[in-house]
Amino acid sequence: MALSDVYWDRQIPLPKLAPVQAKATVALVALLCFINSYDGEFVFDDSEAIVNNKDLKPATPLNNIWTNDFWGSNLSSNSSHKSYRPLTVLTFRLNYLLAGGLHPVGFHVLNIVLHAVISALMIDVFAILIGGLAYDEKDRILNHAPKTSLLAALLFAAHPVHTESVAGIVGRADLLCALFFQLSFLTYCKAFNRDERFSVQWVVVSLLLCAAAMLCKEQGITVLVGSLFVKPFYSELMISQHLIITVLQCSLVRRDKLSHMLRTGLLTRLALMGLGGLSMLYARWRIMGTGPPAFTEVDNPASFAENIVNYNYYYSLNAWLLLCPWWLCFDWSMGCVPLIKSATDWRMVWLLLLWCILIGLISQALSSTAISHLLTLTLALVLLVVPFLPACNIFFRVGFVIAERVLYLSSAGYCLLLAYSLGHCCYRWTKYRKLLCVSVLLLLCVYVARCALRSYQWRSEQSLFTSALPVCPLNAKVHYNVGKNLADRGNTTAAIKYYREAVRLHPTYVHAMNNLGNILKERNELIEAEQLLSKAVSIQPDFAAAWMNLGIVQNSLQKFEEAEQSYWNAIRFRKKYPDCYYNLGRLYADQNRHVDALNAWRNATVLKPEHSLAWNNMVILLDNTGNLGQAELIGREALKLLPNDHTIMFSLANVLGKLQKYKESEGFFLHALRINPNAASCHGNLAVLYHRWGKLELAKKHYELSLKLDPEAPGTRDNYNMLRRKLDQLKRSAP
């Protein structure tokens, strides 16, 4: 099925490069676009998928990646997003092992390299889609459209909509899916030879690679649809030049054509592909366990609306991102794209324009008499539309409004359409060829510059979140993330402003209320903090963190009974909540309910053995109540789990000093000071130990160090003055 009439290819304003040179050029452009993101941080979704994902840790059994979702939650959990991508998580785990921990450079470098490889392989994919399958004497596939395929690959390599997939580490799923998508496609093409017969073995390998693509991201299965068009079954069915129309009309096939189909193995091929695809879909459905994920109206408001107009509006926005990738945003939810509620809404124009263009392209393909035109347009549209189908809300509800990363594969179809259009313009309007050449070069330069700028914005959460403010000023989540980033960096005053705006834009945004309430609590604005947190739990009664924070505020307001009830509500909705048990223990300690406090803190350490504050509070409470022996036992137990915790060493040293175990107490004080040499209280208490022990010069030294670090340290100056008087008396009484 070689197509030698790709006559517009020679008019493309690019040099004809050897295959290796072409791929190297495309790979270099891809690297140039995104190289400045190599030393970026973990940002946005990276926190959940990588930083907080226990499946990456070597201590976690490797089998867990096959039973958990992409975010580390068990697939059987009702809270799971059901995104099953074990091969992607496996690459994250390998990055973790090779880097010896969570160092983002290795993660980013691999993403950039993957994009470069995918971009280079796109030349082979585009060559087959444009020029068909043609072979040389050694059965190697020939490229009948070297310039068009090179231009399309360059456009793909530099398209700014890819920034989220490349600069955001979570985008690894899209990159790996695209890579296996390509390999499956190219392997399927290798199944055919010049005799138009096919190899079952290569088709099976193609199916296995398709399964690998699906294990990286769900849309990988769409390669099966694209592959059917490569060695077009309609070319084997047709008896006239109107081959596509005949297939669509399901017309009868002549007997001679049927025997040809059987001879070339079309039915066998279709059976293998169909059986493989159905098996993958069935396996995927079984893996989901409890059924499809449950998303809220906030995640995807159009899926809860009564009409499908908004879906079409979303499609037009995705098309606009491909056409003009200037307004890019890390999140398009929460008011960023208001719903269309009336037929008179001016945005209806974009829906009509989108469908007019699509219908025009389809009619142009079907009415074309040239096989090269027909196949190029048809396959470009297939590559544009088919990978997008899993995200289109038709088959199932998705958890986003718009996601730039889902356009990674679809953009290849757009780039092919654009290169095809430019080639035809150069062919038809030869007198404007120089202008078109300059336009192509300018477009590529703009793409590269936009990629460089956007990938720089993805280097840190601060720049990423603030870049979204002018794009989606109505998006409450954008304001929330800006506020959270400011709060994490200590700028709580500015954070309050953004949290308030998030709540104003989305009055039921409980996470913004919770974070704002926490900041107000720290600023001692307890009344407003209580109001916000009470509203949050009334909107979402199972919001455990808000219940705990409400309990902390109520405790500060001395509403002890209400605080206790809030803590127990938090524990009811989150059974394993060590921080809540810790705060409950503090409440009981304030009420002198010592046994209850110790039990609460013990629960915290059982759930979280490294909970330093809970261990330390148990030692201090037992010390203050005179239970020195039990305090010593608890302190030693804690240090077995946390051998370098200087606060527990300090508390245990105080207990040992009171038990007159001076030497052992001294050892713990000195060890704590080696870890934290500027702890004024530690110097002061060590001085008291030496004072009791009779090592007066050492006591004097540490009193002075303590006062130097904290001149207002309570009791230290009085003890120091008492020591000086004693030293003066000793000097006077000395002979």
# chains A, B, ... in the order shown; residues from 1 in each chain; ligands from 1
>>> residues_around(residues="segment 19-22 of chain A", least_positions_apart="2", cutoff="9 Å", atoms="only C-alpha atoms", output="number ranges by chain")
A: 16-17, 24-27, 120, 123, 143, 146, 150
>>> residues_around(residues="segment 682-686 of chain A", least_positions_apart="4", cutoff="6 Å", atoms="only C-alpha atoms", output="PyMOL selection string")
chain A and resi 702-703+706
>>> residues_around(residues="Ser411 of chain A", least_positions_apart="3", cutoff="8 Å", atoms="only C-alpha atoms", output="number ranges by chain")
A: 156, 322, 384, 407-408, 414-415
>>> atom_distance(atom1="atom CA of Asn52 of chain A", atom2="atom CA of Leu281 of chain A")
29.6 Å
>>> atom_distance(atom1="atom CA of Val655 of chain A", atom2="atom CA of Gly629 of chain A")
8.4 Å
>>> residues_around(residues="Leu208 of chain A", least_positions_apart="5", cutoff="9 Å", atoms="only C-alpha atoms", output="JSON, numbers by chain")
{"A": [184, 203, 213, 276]}
>>> write_last_selection(atoms="C-alpha atoms", output="compact mmCIF listing (two decimals), in the first residue's frame")
# COMPACT_ATOMS: atom_id res chain seq x y z
CA SER A 184 2.88 -0.94 19.49
CA VAL A 203 0.71 -8.71 15.97
CA ALA A 213 0.84 1.36 27.24
CA GLY A 276 -6.85 -8.60 22.63
>>> closest_residue(among="A:Asn95, A:Val482, A:His424, A:Lys559", to="Leu436 of chain A", atoms="only C-alpha atoms")
A:His424
>>> residues_around(residues="Asp174 of chain A", least_positions_apart="4", cutoff="12 Å", atoms="only C-alpha atoms", output="ChimeraX atom specification")
/A:85,87-88,111,114-115,118,162-170,178-181,213-220,387,403-410
>>> residues_around(residues="Ile634 of chain A", least_positions_apart="2", cutoff="12 Å", atoms="only C-alpha atoms", output="ChimeraX atom specification")
/A:598,601-602,605,612,614-623,627-632,636-641,648-649,651-652,655
>>> residues_around(residues="Gly274 of chain A", least_positions_apart="6", cutoff="12 Å", atoms="only C-alpha atoms", output="PDB file with N, CA and C atoms, in the first residue's frame")
ATOM      1  N   VAL A 203       1.986  -9.243  15.482  1.00  0.00           N
ATOM      2  CA  VAL A 203       0.712  -8.714  15.967  1.00  0.00           C
ATOM      3  C   VAL A 203       0.570  -8.976  17.464  1.00  0.00           C
ATOM      4  N   VAL A 204       0.991 -10.147  17.910  1.00  0.00           N
ATOM      5  CA  VAL A 204       0.935 -10.469  19.343  1.00  0.00           C
ATOM      6  C   VAL A 204       1.859  -9.544  20.132  1.00  0.00           C
ATOM      7  N   LEU A 207       0.214  -6.283  20.527  1.00  0.00           N
ATOM      8  CA  LEU A 207      -0.813  -6.323  21.574  1.00  0.00           C
ATOM      9  C   LEU A 207      -0.189  -6.240  22.961  1.00  0.00           C
ATOM     10  N   ILE A 221      -4.861   2.001  25.267  1.00  0.00           N
ATOM     11  CA  ILE A 221      -5.605   1.009  24.477  1.00  0.00           C
ATOM     12  C   ILE A 221      -6.076   1.578  23.141  1.00  0.00           C
ATOM     13  N   LEU A 224      -5.023   0.478  19.403  1.00  0.00           N
ATOM     14  CA  LEU A 224      -5.628  -0.592  18.610  1.00  0.00           C
ATOM     15  C   LEU A 224      -6.501  -0.031  17.495  1.00  0.00           C
ATOM     16  N   VAL A 225      -7.226   1.048  17.798  1.00  0.00           N
ATOM     17  CA  VAL A 225      -8.073   1.662  16.778  1.00  0.00           C
ATOM     18  C   VAL A 225      -7.211   2.285  15.685  1.00  0.00           C
ATOM     19  N   SER A 227      -4.199   1.467  14.824  1.00  0.00           N
ATOM     20  CA  SER A 227      -3.475   0.457  14.062  1.00  0.00           C
ATOM     21  C   SER A 227      -4.322  -0.133  12.944  1.00  0.00           C
ATOM     22  N   LEU A 228      -5.626  -0.233  13.156  1.00  0.00           N
ATOM     23  CA  LEU A 228      -6.494  -0.802  12.127  1.00  0.00           C
ATOM     24  C   LEU A 228      -6.477   0.016  10.842  1.00  0.00           C
ATOM     25  N   LEU A 266      -6.825 -10.753   6.816  1.00  0.00           N
ATOM     26  CA  LEU A 266      -7.513  -9.625   7.443  1.00  0.00           C
ATOM     27  C   LEU A 266      -8.393 -10.077   8.599  1.00  0.00           C
ATOM     28  N   LEU A 267      -9.187 -11.126   8.367  1.00  0.00           N
ATOM     29  CA  LEU A 267     -10.111 -11.568   9.405  1.00  0.00           C
ATOM     30  C   LEU A 267      -9.350 -12.079  10.631  1.00  0.00           C
ATOM     31  N   THR A 268      -8.252 -12.783  10.401  1.00  0.00           N
ATOM     32  CA  THR A 268      -7.440 -13.264  11.521  1.00  0.00           C
ATOM     33  C   THR A 268      -6.882 -12.089  12.318  1.00  0.00           C
ATOM     34  N   MET A 280      -8.189  -6.836  27.367  1.00  0.00           N
ATOM     35  CA  MET A 280      -7.602  -5.747  28.152  1.00  0.00           C
ATOM     36  C   MET A 280      -8.678  -4.940  28.867  1.00  0.00           C
ATOM     37  N   LEU A 281      -9.757  -4.645  28.160  1.00  0.00           N
ATOM     38  CA  LEU A 281     -10.846  -3.888  28.779  1.00  0.00           C
ATOM     39  C   LEU A 281     -11.469  -4.668  29.933  1.00  0.00           C
TER      40      LEU A 281
END
>>> closest_atom_pairs(of="segment 574-678 of chain A", to="segment 533-554 of chain A", cutoff="10 Å", atoms="only C-alpha atoms", output="CSV")
residue,atom,partner,partner_atom,distance
A:Arg574,CA,A:Ala544,CA,6.1
A:Lys575,CA,A:Ala544,CA,9.6
A:Tyr577,CA,A:Ala544,CA,8.8
A:Asp579,CA,A:Met548,CA,8.5
A:Cys580,CA,A:Met548,CA,6.0
A:Tyr581,CA,A:Met548,CA,9.4
A:Asn583,CA,A:Ile552,CA,7.1
A:Leu584,CA,A:Gly551,CA,8.4
A:Arg586,CA,A:Ile552,CA,9.4
A:Leu587,CA,A:Ile552,CA,8.4
>>> write_last_selection(atoms="N, CA and C atoms", output="CSV table (one decimal), in the first residue's frame")
chain,number,residue,atom,x,y,z
A,574,ARG,N,-11.7,9.2,60.9
A,574,ARG,CA,-10.4,8.7,60.5
A,574,ARG,C,-9.8,7.9,61.7
A,575,LYS,N,-9.9,6.6,61.6
A,575,LYS,CA,-9.6,5.7,62.7
A,575,LYS,C,-8.2,5.9,63.1
A,577,TYR,N,-5.5,8.2,63.4
A,577,TYR,CA,-5.3,9.6,63.4
A,577,TYR,C,-4.4,10.0,64.6
A,579,ASP,N,-2.2,12.3,65.2
A,579,ASP,CA,-2.1,13.7,65.6
A,579,ASP,C,-3.3,14.1,66.4
A,580,CYS,N,-4.5,13.5,66.1
A,580,CYS,CA,-5.7,13.9,66.8
A,580,CYS,C,-5.6,13.3,68.3
A,581,TYR,N,-5.1,12.1,68.4
A,581,TYR,CA,-4.9,11.5,69.7
A,581,TYR,C,-3.9,12.3,70.5
A,583,ASN,N,-3.4,15.6,70.3
A,583,ASN,CA,-4.1,16.8,70.7
A,583,ASN,C,-5.2,16.5,71.8
A,584,LEU,N,-5.8,15.4,71.7
A,584,LEU,CA,-6.7,14.9,72.7
A,584,LEU,C,-6.0,14.8,74.0
A,586,ARG,N,-3.4,16.4,75.0
A,586,ARG,CA,-3.1,17.8,75.5
A,586,ARG,C,-4.4,18.3,76.2
A,587,LEU,N,-5.5,18.1,75.6
A,587,LEU,CA,-6.8,18.5,76.3
A,587,LEU,C,-6.9,17.9,77.6
>>> closest_residue(among="A:Val398, A:Leu366, A:Cys392, A:Cys451", to="Ala158 of chain A", atoms="only C-alpha atoms")
A:Cys451
>>> select_by_dssp(residues="segment 596-719 of chain A", states="helix (DSSP H, G or I)", output="number ranges by chain")
A: 596-607, 612-624, 628-641, 646-658, 662-675, 680-693, 696-709, 716-719
>>> write_last_selection(atoms="C-alpha atoms", output="short mmCIF file (atom, residue, chain, number, x, y, z; two decimals), in the first residue's frame")
data_model
loop_
_atom_site.label_atom_id
_atom_site.label_comp_id
_atom_site.auth_asym_id
_atom_site.auth_seq_id
_atom_site.Cartn_x
_atom_site.Cartn_y
_atom_site.Cartn_z
CA ASP A 596 -6.61 9.79 80.00
CA ALA A 597 -3.82 12.00 78.66
CA LEU A 598 -1.27 9.18 78.92
CA ASN A 599 -3.65 6.76 77.19
CA ALA A 600 -4.27 9.21 74.35
CA TRP A 601 -0.55 9.80 73.83
CA ARG A 602 0.13 6.07 73.98
CA ASN A 603 -2.47 5.59 71.21
CA ALA A 604 -0.66 8.23 69.16
CA THR A 605 2.67 6.39 69.50
CA VAL A 606 1.08 3.03 68.65
CA LEU A 607 -0.36 4.48 65.44
CA SER A 612 8.17 12.56 69.04
CA LEU A 613 5.80 15.04 70.70
CA ALA A 614 3.58 12.30 72.13
CA TRP A 615 6.58 10.41 73.56
CA ASN A 616 8.05 13.60 75.04
CA ASN A 617 4.77 14.69 76.61
CA MET A 618 4.41 11.30 78.32
CA VAL A 619 7.89 11.64 79.84
CA ILE A 620 7.23 15.23 80.96
CA LEU A 621 3.81 14.43 82.47
CA LEU A 622 5.18 11.44 84.40
CA ASP A 623 8.11 13.57 85.56
CA ASN A 624 5.81 16.38 86.74
CA LEU A 628 10.11 9.14 87.79
CA GLY A 629 10.64 5.40 87.35
CA GLN A 630 7.87 5.12 84.76
CA ALA A 631 9.09 8.30 83.08
CA GLU A 632 12.55 6.74 82.74
CA LEU A 633 11.11 3.60 81.16
CA ILE A 634 9.02 5.58 78.66
CA GLY A 635 12.00 7.81 77.79
CA ARG A 636 14.28 4.84 77.12
CA GLU A 637 11.57 3.13 75.04
CA ALA A 638 11.18 6.30 72.97
CA LEU A 639 14.93 6.64 72.34
CA LYS A 640 15.07 3.10 70.98
CA LEU A 641 12.71 4.25 68.23
CA HIS A 646 17.27 15.70 71.31
CA THR A 647 13.97 16.75 72.95
CA ILE A 648 13.38 13.26 74.36
CA MET A 649 17.07 13.09 75.46
CA PHE A 650 16.58 16.39 77.28
CA SER A 651 13.44 15.21 79.10
CA LEU A 652 14.99 11.85 80.01
CA ALA A 653 18.15 13.59 81.25
CA ASN A 654 16.02 15.71 83.60
CA VAL A 655 14.36 12.57 84.98
CA LEU A 656 17.71 10.81 85.49
CA GLY A 657 19.09 13.88 87.24
CA LYS A 658 16.21 13.82 89.73
CA TYR A 662 24.17 12.04 87.36
CA LYS A 663 26.63 10.39 85.02
CA GLU A 664 23.94 8.96 82.77
CA SER A 665 22.00 12.22 82.89
CA GLU A 666 25.14 14.14 81.87
CA GLY A 667 25.62 11.82 78.89
CA PHE A 668 22.12 12.49 77.55
CA PHE A 669 22.46 16.26 78.06
CA LEU A 670 25.77 16.34 76.18
CA HIS A 671 24.40 14.15 73.38
CA ALA A 672 21.41 16.47 73.02
CA LEU A 673 23.75 19.49 72.86
CA ARG A 674 25.84 17.86 70.14
CA ILE A 675 22.66 17.62 68.06
CA ALA A 680 19.57 27.50 76.00
CA SER A 681 17.30 25.34 78.19
CA CYS A 682 19.56 22.33 77.71
CA HIS A 683 22.64 24.31 78.81
CA GLY A 684 20.66 25.66 81.77
CA ASN A 685 19.43 22.26 82.98
CA LEU A 686 22.88 20.71 82.49
CA ALA A 687 24.23 23.53 84.66
CA VAL A 688 21.66 22.67 87.34
CA LEU A 689 22.79 19.02 87.16
CA TYR A 690 26.44 20.02 87.63
CA HIS A 691 25.37 22.38 90.44
CA ARG A 692 23.69 19.49 92.29
CA TRP A 693 26.57 17.16 91.45
CA LEU A 696 30.65 24.00 90.15
CA GLU A 697 33.02 25.27 87.43
CA LEU A 698 31.20 23.24 84.79
CA ALA A 699 27.91 24.50 86.19
CA LYS A 700 29.17 28.10 85.90
CA LYS A 701 30.26 27.52 82.28
CA HIS A 702 26.86 26.18 81.17
CA TYR A 703 24.89 28.83 83.10
CA GLU A 704 26.86 31.46 81.18
CA LEU A 705 26.29 29.70 77.84
CA SER A 706 22.56 29.48 78.59
CA LEU A 707 22.33 33.18 79.48
CA LYS A 708 24.31 34.14 76.40
CA LEU A 709 21.83 32.25 74.20
CA THR A 716 18.69 30.54 85.06
CA ARG A 717 19.98 33.94 86.24
CA ASP A 718 18.83 33.28 89.81
CA ASN A 719 20.59 29.91 89.82
#
